[in-house]
Amino acid sequence: MKIQLNCDMGEGFGLWKMGNDELLMPHIDMANLACGFHASDPITMTKSVLLAKKHHVIIGAHPGYHDLEGFGRRSISHTKQEIKALVLYQIGALDAICKANDTEVSYVKPHGALYNDMMKNEDILDSIMEALSCYNQNIKLMILSTTNNDHYKNLAQSYGIELLFELFADRNYCDDGSLVPRLQSNAVIHDSKTITKRINDIKTHGYIKSINNQKLYLQSDTICVHGDNDNAVEFVQILKKVIE
């Protein structure tokens, strides 16, 4: 099973810095770059694109709700057309910087609340798929891997796009396959041994365990490690060795 590591990056803003992008980038396969709505700005985006290009990392757009204060982790009510427009706006911004630097946006992974809402509300998912379909059908959409993957594949096929199914190495799962909400104290895993065991289970047996020790057999094209995790650099180095 070939599994690629992805990481949310480029999430600083002006003089404010988040994450250790310079240390993380050499060890990942895919970089989800913030596009200015929940974090980042044109200069940060440009630096992030050049850093990814330097290390031959695949670039993905990481659009979110227009919520700098809440880091895109708060849901904002929008119509379907508004969701489509805000996604197109952010993809287009990053894609322009990529093209100016002789590279490209290969996929889209919505950020934070937009990601969670997409998985709960099919109208939002439809809007994002429609945005990709009319912009560039070669750009893939990354979504949470669930027991409902076949349905999502059929939906994506109707829009002429492909999906990437994602698991989270450093987030705990509920028994239904959803992520434990970040408001809960056990939402994020900080122990490298636990994360290494989870990756071995995914690679060898094809499952990830929930907080109640239930085995969740889920497709995994890529595994996410959050760049704002205090132990992200250590985690990524360990996981890269395990995967390879």
# chains A, B, ... in the order shown; residues from 1 in each chain; ligands from 1
$ residues_around --residues "Met9 (chain A)" --least-positions-apart "5" --cutoff "9 Å" --atoms "only C-alpha atoms" --output "compact mmCIF listing (two decimals) with N, CA and C atoms, in the first residue's frame"
# COMPACT_ATOMS: atom_id res chain seq x y z
N MET A 18 3.23 30.35 12.25
CA MET A 18 2.72 29.10 12.82
C MET A 18 3.41 27.92 12.15
N GLY A 19 3.76 26.92 12.94
CA GLY A 19 4.33 25.70 12.38
C GLY A 19 5.81 25.82 12.08
N ASN A 20 6.39 24.69 11.69
CA ASN A 20 7.82 24.60 11.35
C ASN A 20 7.98 24.13 9.91
N ASP A 21 7.46 24.93 8.99
CA ASP A 21 7.41 24.52 7.59
C ASP A 21 8.78 24.14 7.03
N MET A 25 8.88 20.33 5.63
CA MET A 25 8.72 20.14 4.18
C MET A 25 9.59 19.02 3.60
N ALA A 31 1.77 19.12 0.48
CA ALA A 31 1.63 20.29 1.34
C ALA A 31 0.30 20.97 1.06
N ASN A 32 -0.53 21.05 2.10
CA ASN A 32 -1.82 21.74 1.99
C ASN A 32 -1.59 23.20 2.36
N LEU A 33 -1.56 24.08 1.36
CA LEU A 33 -1.17 25.47 1.60
C LEU A 33 -2.38 26.37 1.78
N ALA A 34 -2.39 27.09 2.91
CA ALA A 34 -3.46 28.05 3.20
C ALA A 34 -3.52 29.10 2.09
N SER A 48 5.76 29.66 0.58
CA SER A 48 5.36 28.27 0.77
C SER A 48 5.45 27.49 -0.54
N HIS A 62 -5.59 24.81 0.28
CA HIS A 62 -6.22 24.54 1.58
C HIS A 62 -7.20 25.67 1.90
N HIS A 226 -0.67 17.30 11.45
CA HIS A 226 -0.87 18.75 11.51
C HIS A 226 0.44 19.47 11.84
N GLY A 227 0.74 20.48 11.03
CA GLY A 227 1.97 21.23 11.19
C GLY A 227 2.00 22.07 12.45
N ASP A 228 0.82 22.35 13.04
CA ASP A 228 0.78 23.16 14.26
C ASP A 228 0.85 22.30 15.52
$ atom_distance --atom1 "CA of Gln137 (chain A)" --atom2 "CA of Leu50 (chain A)"
24.1 Å
$ closest_residue --among "A:Ala113, A:Cys134, A:Gln4, A:Lys53" --to "Ser77 (chain A)" --atoms "only C-alpha atoms"
A:Ala113
$ closest_atom_pairs --of "region 146-238 of chain A" --to "region 92-110 of chain A" --cutoff "12 Å" --atoms "only C-alpha atoms" --output "JSON lines"
{"residue": "A:Ile161", "atom": "CA", "partner": "A:Tyr107", "partner_atom": "CA", "distance": 10.3}
{"residue": "A:Glu162", "atom": "CA", "partner": "A:Tyr107", "partner_atom": "CA", "distance": 9.3}
{"residue": "A:Leu163", "atom": "CA", "partner": "A:Tyr107", "partner_atom": "CA", "distance": 8.9}
{"residue": "A:Leu164", "atom": "CA", "partner": "A:Tyr107", "partner_atom": "CA", "distance": 8.5}
{"residue": "A:Phe165", "atom": "CA", "partner": "A:Lys109", "partner_atom": "CA", "distance": 10.4}
{"residue": "A:Glu166", "atom": "CA", "partner": "A:Lys109", "partner_atom": "CA", "distance": 9.7}
{"residue": "A:Thr222", "atom": "CA", "partner": "A:Lys109", "partner_atom": "CA", "distance": 11.5}
{"residue": "A:Cys224", "atom": "CA", "partner": "A:Lys109", "partner_atom": "CA", "distance": 10.8}
$ residues_around --residues "Tyr152 (chain A)" --least-positions-apart "2" --cutoff "12 Å" --atoms "only C-alpha atoms" --output "number ranges by chain"
A: 118-119, 122, 125-126, 129, 141-150, 154-159, 161-165
$ atom_distance --atom1 "CA of Gly112 (chain A)" --atom2 "CA of Ile223 (chain A)"
15.9 Å
$ select_by_dssp --residues "region 35-240 of chain A" --states "helix (DSSP H, G or I)" --output "PyMOL selection string"
chain A and resi 42-54+80-100+112-120+122-135+149-158+192-205+232-240
$ closest_residue --among "A:Ala169, A:Cys174, A:Ala232, A:Leu114" --to "Asn213 (chain A)" --atoms "only C-alpha atoms"
A:Cys174
$ atom_distance --atom1 "CA of Val188 (chain A)" --atom2 "CA of Lys17 (chain A)"
20.8 Å
$ select_by_dssp --residues "region 76-212 of chain A" --states "strand (DSSP E)" --output "tab-separated table (two decimals) with all heavy atoms, in the first residue's frame"
chain	number	residue	atom	x	y	z
A	107	TYR	N	-4.28	19.34	-6.01
A	107	TYR	CA	-5.46	18.87	-5.29
A	107	TYR	C	-5.96	19.98	-4.37
A	107	TYR	O	-5.28	21.00	-4.16
A	107	TYR	CB	-5.14	17.61	-4.48
A	107	TYR	CG	-4.17	17.83	-3.35
A	107	TYR	CD1	-4.62	18.11	-2.05
A	107	TYR	CD2	-2.80	17.80	-3.57
A	107	TYR	CE1	-3.73	18.34	-1.02
A	107	TYR	CE2	-1.90	18.03	-2.54
A	107	TYR	CZ	-2.37	18.30	-1.27
A	107	TYR	OH	-1.49	18.54	-0.25
A	108	VAL	N	-7.15	19.77	-3.82
A	108	VAL	CA	-7.73	20.70	-2.85
A	108	VAL	C	-8.11	19.92	-1.61
A	108	VAL	O	-8.74	18.86	-1.69
A	108	VAL	CB	-8.97	21.41	-3.44
A	108	VAL	CG1	-9.75	22.14	-2.34
A	108	VAL	CG2	-8.57	22.38	-4.53
A	140	LYS	N	-7.62	17.17	-7.89
A	140	LYS	CA	-8.33	16.19	-7.08
A	140	LYS	C	-8.85	16.84	-5.80
A	140	LYS	O	-8.36	17.88	-5.37
A	140	LYS	CB	-7.43	15.01	-6.75
A	140	LYS	CG	-6.96	14.25	-7.99
A	140	LYS	CD	-6.02	13.11	-7.61
A	140	LYS	CE	-5.51	12.39	-8.85
A	140	LYS	NZ	-4.59	11.27	-8.50
A	141	LEU	N	-9.83	16.19	-5.20
A	141	LEU	CA	-10.39	16.66	-3.92
A	141	LEU	C	-10.06	15.66	-2.83
A	141	LEU	O	-10.36	14.47	-2.96
A	141	LEU	CB	-11.91	16.82	-4.03
A	141	LEU	CG	-12.63	17.23	-2.74
A	141	LEU	CD1	-12.16	18.60	-2.25
A	141	LEU	CD2	-14.14	17.22	-2.94
A	142	MET	N	-9.46	16.13	-1.75
A	142	MET	CA	-9.13	15.29	-0.61
A	142	MET	C	-10.26	15.37	0.41
A	142	MET	O	-10.65	16.46	0.82
A	142	MET	CB	-7.81	15.74	0.03
A	142	MET	CG	-7.30	14.79	1.11
A	142	MET	SD	-5.76	15.38	1.89
A	142	MET	CE	-4.63	15.30	0.50
A	143	ILE	N	-10.78	14.21	0.81
A	143	ILE	CA	-11.85	14.16	1.80
A	143	ILE	C	-11.53	13.11	2.86
A	143	ILE	O	-10.64	12.28	2.68
A	143	ILE	CB	-13.22	13.87	1.16
A	143	ILE	CG1	-13.31	12.42	0.65
A	143	ILE	CG2	-13.53	14.86	0.04
A	143	ILE	CD1	-14.71	12.01	0.22
A	144	LEU	N	-12.28	13.15	3.94
A	144	LEU	CA	-12.11	12.17	5.02
A	144	LEU	C	-12.56	10.79	4.55
A	144	LEU	O	-13.66	10.63	4.02
A	144	LEU	CB	-12.93	12.60	6.23
A	144	LEU	CG	-12.83	11.73	7.48
A	144	LEU	CD1	-11.43	11.80	8.08
A	144	LEU	CD2	-13.87	12.16	8.51
A	163	LEU	N	-11.01	11.66	-6.29
A	163	LEU	CA	-10.90	11.89	-4.85
A	163	LEU	C	-9.62	11.29	-4.29
A	163	LEU	O	-9.09	10.31	-4.81
A	163	LEU	CB	-12.09	11.27	-4.11
A	163	LEU	CG	-13.48	11.80	-4.44
A	163	LEU	CD1	-14.53	11.03	-3.65
A	163	LEU	CD2	-13.58	13.29	-4.16
A	164	LEU	N	-9.14	11.89	-3.22
A	164	LEU	CA	-8.08	11.33	-2.39
A	164	LEU	C	-8.68	11.11	-1.01
A	164	LEU	O	-9.25	12.03	-0.42
A	164	LEU	CB	-6.90	12.31	-2.29
A	164	LEU	CG	-6.13	12.60	-3.57
A	164	LEU	CD1	-5.21	13.80	-3.38
A	164	LEU	CD2	-5.32	11.38	-4.00
A	165	PHE	N	-8.55	9.89	-0.48
A	165	PHE	CA	-9.13	9.58	0.82
A	165	PHE	C	-8.06	9.68	1.91
A	165	PHE	O	-6.99	9.11	1.80
A	165	PHE	CB	-9.77	8.19	0.81
A	165	PHE	CG	-10.98	8.11	-0.05
A	165	PHE	CD1	-10.94	7.50	-1.30
A	165	PHE	CD2	-12.18	8.66	0.37
A	165	PHE	CE1	-12.07	7.44	-2.10
A	165	PHE	CE2	-13.32	8.60	-0.43
A	165	PHE	CZ	-13.26	8.00	-1.67
A	166	GLU	N	-8.41	10.41	2.95
A	166	GLU	CA	-7.45	10.79	3.98
A	166	GLU	C	-7.78	10.21	5.34
A	166	GLU	O	-8.93	10.15	5.76
A	166	GLU	CB	-7.43	12.32	4.07
A	166	GLU	CG	-6.59	12.89	5.18
A	166	GLU	CD	-6.67	14.40	5.26
A	166	GLU	OE1	-7.79	14.97	5.15
A	166	GLU	OE2	-5.61	15.02	5.42
A	167	LEU	N	-6.72	9.80	6.05
A	167	LEU	CA	-6.80	9.47	7.45
A	167	LEU	C	-5.91	10.42	8.24
A	167	LEU	O	-4.98	11.02	7.68
A	167	LEU	CB	-6.35	8.02	7.70
A	167	LEU	CG	-7.23	6.91	7.12
A	167	LEU	CD1	-6.62	5.55	7.44
A	167	LEU	CD2	-8.65	6.98	7.67
A	168	PHE	N	-6.18	10.56	9.54
A	168	PHE	CA	-5.41	11.46	10.38
A	168	PHE	C	-4.59	10.67	11.39
A	168	PHE	O	-5.14	9.90	12.18
A	168	PHE	CB	-6.35	12.43	11.11
A	168	PHE	CG	-6.94	13.48	10.21
A	168	PHE	CD1	-8.02	13.19	9.40
A	168	PHE	CD2	-6.40	14.75	10.17
A	168	PHE	CE1	-8.55	14.15	8.56
A	168	PHE	CE2	-6.92	15.73	9.34
A	168	PHE	CZ	-8.00	15.43	8.52
A	207	TYR	N	-6.61	-0.85	8.97
A	207	TYR	CA	-7.58	-0.24	9.90
A	207	TYR	C	-6.91	0.78	10.80
A	207	TYR	O	-5.69	0.79	10.99
A	207	TYR	CB	-8.29	-1.30	10.74
A	207	TYR	CG	-7.42	-2.08	11.71
A	207	TYR	CD1	-6.89	-1.48	12.87
A	207	TYR	CD2	-7.14	-3.42	11.49
A	207	TYR	CE1	-6.11	-2.20	13.76
A	207	TYR	CE2	-6.36	-4.15	12.39
A	207	TYR	CZ	-5.84	-3.53	13.51
A	207	TYR	OH	-5.06	-4.24	14.38
A	208	ILE	N	-7.75	1.66	11.37
A	208	ILE	CA	-7.33	2.59	12.41
A	208	ILE	C	-8.31	2.42	13.56
A	208	ILE	O	-9.50	2.19	13.35
A	208	ILE	CB	-7.30	4.04	11.87
A	208	ILE	CG1	-6.59	4.99	12.85
A	208	ILE	CG2	-8.70	4.54	11.54
A	208	ILE	CD1	-6.25	6.34	12.25
A	209	LYS	N	-7.82	2.51	14.80
A	209	LYS	CA	-8.69	2.25	15.94
A	209	LYS	C	-9.32	3.53	16.47
A	209	LYS	O	-8.69	4.59	16.52
A	209	LYS	CB	-7.91	1.55	17.05
A	209	LYS	CG	-7.58	0.10	16.74
A	209	LYS	CD	-6.95	-0.60	17.94
A	209	LYS	CE	-6.68	-2.07	17.65
A	209	LYS	NZ	-6.08	-2.76	18.80
